[in-house]
$ cat coords14.txt   # compact mmCIF, C-alpha atoms
# COMPACT_ATOMS: atom_id res chain seq x y z
CA MET H 1 -19.06 17.68 0.60
CA SER H 2 -17.88 16.37 3.91
CA THR H 3 -20.20 16.02 6.82
CA THR H 4 -19.90 16.30 10.52
CA ALA H 5 -18.93 12.64 10.67
CA SER H 6 -16.12 12.78 8.14
CA ARG H 7 -14.90 16.23 9.18
CA ALA H 8 -15.00 15.76 12.93
CA ALA H 9 -11.36 15.63 13.88
CA PRO H 10 -9.30 16.70 16.83
CA ALA H 11 -7.21 19.82 16.53
CA PRO H 12 -4.21 19.05 14.31
CA SER H 13 -1.05 17.98 16.09
CA SER H 14 2.07 20.06 15.56
CA LEU H 15 3.14 17.79 12.70
CA ALA H 16 -0.25 17.95 11.01
CA ALA H 17 -0.34 21.73 11.46
CA SER H 18 3.04 22.19 9.82
CA ALA H 19 3.07 23.65 6.30
CA ARG H 20 6.50 22.10 5.75
CA PHE H 21 5.23 18.66 6.61
CA LYS H 22 2.34 19.21 4.19
CA THR H 23 4.88 19.93 1.44
CA PHE H 24 6.92 16.85 2.38
CA ALA H 25 3.89 14.55 2.58
CA THR H 26 2.27 15.67 -0.65
CA THR H 27 5.55 15.64 -2.59
CA PHE H 28 6.38 12.19 -1.23
CA SER H 29 2.95 10.80 -2.11
CA ILE H 30 2.73 12.46 -5.52
CA SER H 31 6.22 11.43 -6.62
CA GLY H 32 6.07 7.95 -5.05
CA PRO H 33 3.95 6.18 -7.69
CA VAL H 34 5.89 7.80 -10.55
CA ILE H 35 9.24 6.86 -9.01
CA TYR H 36 8.05 3.31 -8.32
CA CYS H 37 7.12 2.80 -11.98
CA LEU H 38 10.45 4.26 -13.14
CA ILE H 39 12.42 2.16 -10.66
CA GLN H 40 10.63 -0.97 -11.78
CA TYR H 41 11.04 -0.09 -15.47
CA PHE H 42 14.79 0.56 -15.18
CA ASN H 43 15.14 -2.19 -12.56
CA TRP H 44 17.01 -0.23 -9.91
CA PRO H 45 16.44 -2.11 -6.66
CA LEU H 46 18.36 -0.81 -3.66
CA PHE H 47 19.14 -4.43 -2.86
CA THR H 48 18.33 -7.93 -4.06
CA PHE H 49 17.24 -10.71 -1.74
CA HIS H 50 17.83 -14.38 -2.46
CA PRO H 51 15.26 -16.18 -0.27
CA ALA H 52 16.60 -19.71 -0.70
CA THR H 53 19.99 -18.74 0.69
CA ASP H 54 18.92 -15.68 2.76
CA ARG H 55 21.52 -13.67 0.87
CA LEU H 56 21.14 -9.90 0.59
CA VAL H 57 23.24 -7.93 -1.90
CA TRP H 58 23.29 -4.25 -2.78
CA GLY H 59 21.73 -3.28 -6.09
CA TYR H 60 20.59 -5.76 -8.68
CA GLU H 61 21.80 -9.32 -8.85
CA ALA H 62 20.32 -11.94 -11.12
CA ALA H 63 19.22 -15.31 -9.76
CA ARG H 64 22.27 -17.57 -9.49
CA SER H 65 22.28 -21.12 -10.71
CA GLY H 66 21.44 -23.56 -7.93
CA GLU H 67 20.55 -20.77 -5.45
CA GLY H 68 16.86 -20.35 -6.20
CA PRO H 69 15.06 -17.19 -7.30
CA ASN H 70 15.93 -13.57 -6.55
CA MET H 71 13.49 -11.02 -5.11
CA LEU H 72 13.58 -7.42 -6.34
CA TRP H 73 10.35 -5.98 -4.96
CA TYR H 74 11.85 -5.15 -1.54
CA GLY H 75 14.64 -3.27 -3.24
CA TRP H 76 12.31 -1.43 -5.63
CA THR H 77 10.15 -0.30 -2.72
CA ALA H 78 13.18 0.78 -0.66
CA THR H 79 14.62 2.78 -3.58
CA THR H 80 11.24 4.44 -4.13
CA ILE H 81 10.89 5.45 -0.48
CA LEU H 82 14.41 6.89 -0.37
CA ILE H 83 14.03 8.94 -3.56
CA ALA H 84 10.50 10.11 -2.70
CA ALA H 85 11.71 11.14 0.77
CA ALA H 86 14.66 13.01 -0.75
CA LEU H 87 12.31 14.86 -3.12
CA GLY H 88 10.03 15.64 -0.19
CA LEU H 89 12.94 17.10 1.77
CA ILE H 90 14.03 19.18 -1.23
CA ALA H 91 10.45 20.42 -1.71
CA MET H 92 10.39 21.52 1.93
CA MET H 93 13.14 24.00 1.10
CA LEU H 94 11.03 25.69 -1.56
CA PRO H 95 9.37 28.99 -0.71
CA GLU H 96 5.76 28.48 0.41
CA ARG H 97 4.41 30.53 -2.52
CA ILE H 98 5.78 27.79 -4.80
CA SER H 99 5.01 24.73 -2.69
CA ARG H 100 1.40 25.91 -2.30
CA LYS H 101 0.98 25.48 -6.05
CA ILE H 102 1.50 21.69 -5.93
CA PRO H 103 -1.82 20.27 -7.22
CA LEU H 104 -3.14 18.07 -4.42
CA ALA H 105 -5.30 16.02 -6.79
CA LEU H 106 -2.13 14.39 -8.14
CA VAL H 107 -1.95 12.41 -4.88
CA TRP H 108 -4.80 10.19 -6.08
CA ILE H 109 -4.46 10.65 -9.87
CA PHE H 110 -0.90 9.31 -10.19
CA PRO H 111 -1.53 5.96 -8.46
CA ILE H 112 -4.52 5.42 -10.77
CA LEU H 113 -2.35 6.25 -13.79
CA ALA H 114 0.33 3.86 -12.51
CA VAL H 115 -2.03 0.87 -12.67
CA PRO H 116 -2.10 0.49 -16.50
CA TYR H 117 1.71 0.56 -16.54
CA VAL H 118 1.89 -2.05 -13.77
CA ILE H 119 -0.53 -4.31 -15.66
CA TYR H 120 1.54 -3.84 -18.82
CA SER H 121 4.77 -4.62 -16.94
CA LEU H 122 3.25 -7.96 -15.91
CA MET H 123 2.48 -8.91 -19.51
CA PRO H 124 4.62 -12.09 -19.44
CA TRP H 125 2.29 -13.45 -16.77
CA TRP H 126 -0.89 -12.65 -18.69
CA THR H 127 0.33 -13.91 -22.07
CA HIS H 128 2.16 -17.02 -20.94
CA PRO H 129 0.82 -19.95 -22.97
CA MET F 1 10.61 -21.88 17.47
CA ALA F 2 12.26 -25.26 16.87
CA GLY F 3 10.47 -28.02 18.79
CA LEU F 4 7.61 -25.81 19.94
CA ILE F 5 5.62 -25.68 16.71
CA SER F 6 6.27 -27.06 13.25
CA THR F 7 7.67 -24.88 10.49
CA ASN F 8 4.36 -25.15 8.66
CA THR F 9 2.45 -23.97 11.73
CA PHE F 10 4.89 -21.09 12.25
CA TRP F 11 4.31 -19.69 8.76
CA THR F 12 0.59 -20.42 8.88
CA LEU F 13 0.38 -18.35 12.08
CA TRP F 14 2.14 -15.44 10.37
CA LEU F 15 -0.23 -15.76 7.43
CA PHE F 16 -3.07 -15.62 9.93
CA VAL F 17 -1.62 -12.48 11.55
CA HIS F 18 -1.41 -10.95 8.06
CA LEU F 19 -5.08 -11.82 7.53
CA ILE F 20 -6.21 -10.34 10.87
CA LEU F 21 -4.35 -7.09 10.23
CA ALA F 22 -5.81 -6.96 6.70
CA VAL F 23 -9.34 -7.43 8.01
CA GLY F 24 -8.88 -4.54 10.44
CA LEU F 25 -7.46 -2.35 7.70
CA LEU F 26 -10.23 -3.27 5.28
CA GLY F 27 -12.91 -2.44 7.85
CA ALA F 28 -11.41 0.90 8.80
CA LEU F 29 -10.81 1.99 5.20
CA THR F 30 -14.26 0.88 4.05
CA HIS F 31 -15.90 2.88 6.85
CA GLN F 32 -13.87 5.93 5.87
CA ALA F 33 -14.50 5.52 2.16
CA MET F 34 -18.24 5.24 2.74
CA ALA F 35 -18.13 8.30 5.01
CA VAL F 36 -16.48 10.46 2.33
CA ALA F 37 -18.25 9.01 -0.72
CA LEU F 38 -21.77 8.91 0.73
CA PRO F 39 -21.75 11.44 3.56
CA VAL F 40 -24.57 11.20 6.07
CA ARG F 41 -26.67 14.35 6.40
CA GLN F 42 -28.65 13.17 9.39
CA PRO F 43 -27.48 10.88 12.17
CA ALA F 44 -29.09 7.55 13.14
CA GLY F 45 -31.08 5.61 10.51
CA GLY F 46 -30.43 2.02 9.41
CA ILE F 47 -27.30 -0.06 9.56
CA VAL F 48 -25.97 1.29 6.24
CA THR F 49 -26.42 4.87 7.40
CA ARG F 50 -24.72 4.10 10.69
CA PHE F 51 -21.90 2.39 8.78
CA ARG F 52 -21.38 5.64 6.86
CA ALA F 53 -21.75 7.88 9.92
CA VAL F 54 -18.52 6.94 11.69
CA PRO F 55 -16.14 9.70 12.87
CA ALA F 56 -13.91 8.96 9.88
CA ALA F 57 -11.05 11.29 10.80
CA GLY F 58 -10.30 9.20 13.86
CA TYR F 59 -9.40 6.23 11.66
CA ALA F 60 -6.50 7.90 9.81
CA THR F 61 -3.63 6.99 12.12
CA ALA F 62 -4.99 3.47 12.64
CA VAL F 63 -5.22 2.99 8.87
CA CYS F 64 -1.60 4.11 8.41
CA VAL F 65 -0.35 1.85 11.21
CA LEU F 66 -2.39 -1.11 9.96
CA TRP F 67 -1.24 -0.61 6.35
CA VAL F 68 2.41 -0.54 7.44
CA LEU F 69 2.02 -3.55 9.76
CA THR F 70 0.12 -5.57 7.14
CA PHE F 71 2.79 -4.58 4.60
CA LEU F 72 5.64 -5.66 6.90
CA VAL F 73 4.09 -9.00 7.84
CA GLY F 74 3.19 -9.60 4.18
CA SER F 75 6.79 -8.80 3.23
CA TYR F 76 8.02 -11.29 5.82
CA ILE F 77 5.89 -14.18 4.58
CA TYR F 78 6.54 -13.20 0.95
CA THR F 79 9.96 -14.89 1.15
CA LYS F 80 8.23 -18.25 1.69
CA TYR F 81 5.62 -17.49 -0.97
CA ARG F 82 8.41 -16.94 -3.49
CA ILE F 83 9.79 -20.44 -3.02
CA PHE F 84 7.00 -22.65 -1.74
CA ILE F 85 3.97 -21.11 -3.48
CA ARG F 86 5.08 -19.31 -6.62
CA ILE F 87 7.34 -22.02 -7.97
CA PRO F 88 4.62 -24.70 -7.71
CA LEU F 89 2.14 -22.23 -9.25
CA GLU F 90 4.45 -21.82 -12.24
CA GLN F 91 5.08 -25.54 -12.46
CA THR F 92 1.35 -26.21 -12.58
CA GLY F 93 0.72 -23.49 -15.16
CA HIS F 94 -1.16 -21.05 -12.91
CA TYR F 95 0.50 -18.05 -14.53
CA LYS F 96 -2.40 -15.61 -14.22
CA THR F 97 -2.68 -16.42 -10.52
CA GLY F 98 1.03 -15.69 -10.10
CA GLY F 99 0.61 -12.52 -12.14
CA PHE F 100 -2.12 -11.30 -9.85
CA PHE F 101 0.18 -11.78 -6.86
CA ASP F 102 2.84 -9.61 -8.50
CA PHE F 103 0.10 -7.08 -9.28
CA LYS F 104 -0.81 -7.19 -5.57
CA GLU F 105 2.74 -6.47 -4.44
CA HIS F 106 2.94 -3.43 -6.72
CA VAL F 107 -0.42 -2.11 -5.50
CA ALA F 108 0.68 -2.57 -1.87
CA SER F 109 3.78 -0.43 -2.53
CA LEU F 110 1.78 2.21 -4.42
CA GLY F 111 -0.60 2.41 -1.46
CA LEU F 112 2.25 2.64 1.02
CA VAL F 113 3.64 5.82 -0.54
CA LEU F 114 0.22 7.51 -0.38
CA LEU F 115 0.03 7.27 3.41
CA PRO F 116 1.85 10.51 4.38
CA ALA F 117 -0.49 12.71 2.30
CA TYR F 118 -3.53 10.64 3.31
CA TRP F 119 -2.65 11.11 6.98
CA TYR F 120 -2.05 14.83 6.55
CA PHE F 121 -5.36 15.40 4.75
CA TRP F 122 -7.31 13.57 7.44
CA LYS F 123 -5.50 15.30 10.30
CA ASN F 124 -6.64 18.56 8.71
CA ALA F 125 -10.18 17.40 8.05
CA GLN F 126 -11.56 20.77 9.16
CA ASN F 127 -9.84 22.44 6.20
CA PRO F 128 -12.17 22.37 3.15
CA GLU F 129 -9.13 22.99 0.90
CA TYR F 130 -8.27 19.29 1.28
CA ASP F 131 -11.77 17.85 0.87
CA ASN F 132 -11.38 16.64 -2.72
CA ALA F 133 -7.85 15.31 -2.27
CA ARG F 134 -8.84 13.56 0.96
CA LYS F 135 -11.85 11.97 -0.70
CA GLY F 136 -9.80 10.90 -3.74
CA VAL F 137 -6.90 9.37 -1.83
CA THR F 138 -9.22 7.62 0.64
CA LEU F 139 -11.25 6.03 -2.16
CA VAL F 140 -8.08 4.98 -4.00
CA LEU F 141 -6.67 3.39 -0.84
CA ALA F 142 -9.98 1.63 -0.13
CA VAL F 143 -10.15 0.18 -3.66
CA MET F 144 -6.50 -0.88 -3.37
CA CYS F 145 -7.18 -2.53 -0.02
CA TRP F 146 -10.16 -4.49 -1.38
CA PHE F 147 -8.08 -5.60 -4.36
CA LEU F 148 -5.19 -6.70 -2.13
CA PHE F 149 -7.57 -8.56 0.16
CA ILE F 150 -9.42 -10.40 -2.61
CA VAL F 151 -6.23 -11.39 -4.46
CA GLY F 152 -4.68 -12.57 -1.20
CA HIS F 153 -7.79 -14.57 -0.43
CA VAL F 154 -7.87 -16.23 -3.85
CA LEU F 155 -4.14 -17.01 -3.64
CA ASN F 156 -4.63 -18.53 -0.23
CA ASN F 157 -7.36 -20.72 -1.69
CA THR F 158 -5.00 -21.73 -4.48
CA ARG F 159 -2.14 -22.70 -2.20
CA GLY F 160 -2.15 -21.15 1.24
CA PHE F 161 -2.92 -22.34 4.75
CA ALA F 162 -1.15 -25.60 5.62
CA SER F 163 -0.06 -26.25 2.04
$ encode --input "coords14.txt" --output "structure tokens"
Amino acid sequence: MSTTASRAAPAPSSLAASARFKTFATTFSISGPVIYCLIQYFNWPLFTFHPATDRLVWGYEAARSGEGPNMLWYGWTATTILIAAALGLIAMMLPERISRKIPLALVWIFPILAVPYVIYSLMPWWTHP
Amino acid sequence: MAGLISTNTFWTLWLFVHLILAVGLLGALTHQAMAVALPVRQPAGGIVTRFRAVPAAGYATAVCVLWVLTFLVGSYIYTKYRIFIRIPLEQTGHYKTGGFFDFKEHVASLGLVLLPAYWYFWKNAQNPEYDNARKGVTLVLAVMCWFLFIVGHVLNNTRGFAS
């Protein structure tokens, strides 16, 4: 499948040669899209930013009257990274005979599967009269 | 920056930085995606063949750094988008345009979380065990990057530079 051009790489660094890092990276990347969709669905931002007043508050806070809109995307992304990293760290503790069984194809399948949900979650934009 | 450049110029410059980083990322990812999707069996040939024949593994760290930098700069200017672009878009009834921006932000985050595995697969490009996963994640990231770039471009045309 790959050729000289796409395969030609320097010898892996210590991080890239580490089986534990492989488990962390694949778990993080596989769980990330799933967690992001869940976080967005349940609306669990780590923090909310109010750009008109530069106010940052922990967790979710609705837009306040006279203070402009609120921004949740930063908080959703931060929550996703924290949870995915925690899952990655937990996965690193698993015995290698188990962590080796993580299907690597999920790294690219889950983000594709996340797209229909994301489009659906934006339905108010698409159907606004 | 007060007195040196106007507020409009300040944010336009950041938007420009975001664009430059995005162009670099798009180029690197497109080279890589072509290298894994249409591998070159023989070196040399025409411009398309040469485009596909890049040492793709060498791009991995640059792609990760560029994705993160583009993401951070985009996040920075997003605060101004939310007030000075999105609200007028809604007021003028450009709901689908606004929807595509929200779609873009979600895709950028989904791409961000793929980077650790993407980097690992490319840093172990000699290992055939990762060939399919590396190809899949690279193509997904390349498609995401093109989507982000095109939506950003259209939004900029709607209400971007100097608006």
$ interface_residues --input "coords14.txt" --of "chain F" --to "chain H" --cutoff "6 Å" --atoms "only C-alpha atoms" --output "PyMOL selection string"
chain F and resi 35+39+53-57+79+95-96+99+110+113-114+116-117+120+123+125-126+133+136-137
$ closest_residue --input "coords14.txt" --among "F:Ala37, F:Tyr78, F:Asp131, F:His106" --to "Ile39 in chain H" --atoms "all atoms listed in the file"
F:His106
$ atom_distance --input "coords14.txt" --atom1 "CA of Val143 in chain F" --atom2 "CA of Ala19 in chain H"
28.7 Å
$ atom_distance --input "coords14.txt" --atom1 "CA of Glu96 in chain H" --atom2 "CA of Ser14 in chain H"
17.7 Å
$ residues_around --input "coords14.txt" --residues "Trp58 in chain H" --least-positions-apart "6" --cutoff "9 Å" --atoms "all atoms listed in the file" --output "list in words"
Pro45, Leu46, Phe47, Thr48, Phe49 and Gly75 of chain H
$ residues_around --input "coords14.txt" --residues "range 17-24 of chain F" --least-positions-apart "2" --cutoff "6 Å" --atoms "only C-alpha atoms" --output "PyMOL selection string"
chain F and resi 14-15+26-27+70+73
$ residues_around --input "coords14.txt" --residues "Phe101 in chain F" --least-positions-apart "4" --cutoff "10 Å" --atoms "all atoms listed in the file" --output "list in words"
Tyr81, Arg86, Tyr95, Lys96, Thr97, Glu105, His106, Val107, Leu148, Val151, Gly152, Val154 and Leu155 of chain F
$ closest_residue --input "coords14.txt" --among "F:Ile5, F:Cys145, F:Met34, F:Ala108" --to "Phe71 in chain F" --atoms "all atoms listed in the file"
F:Ala108
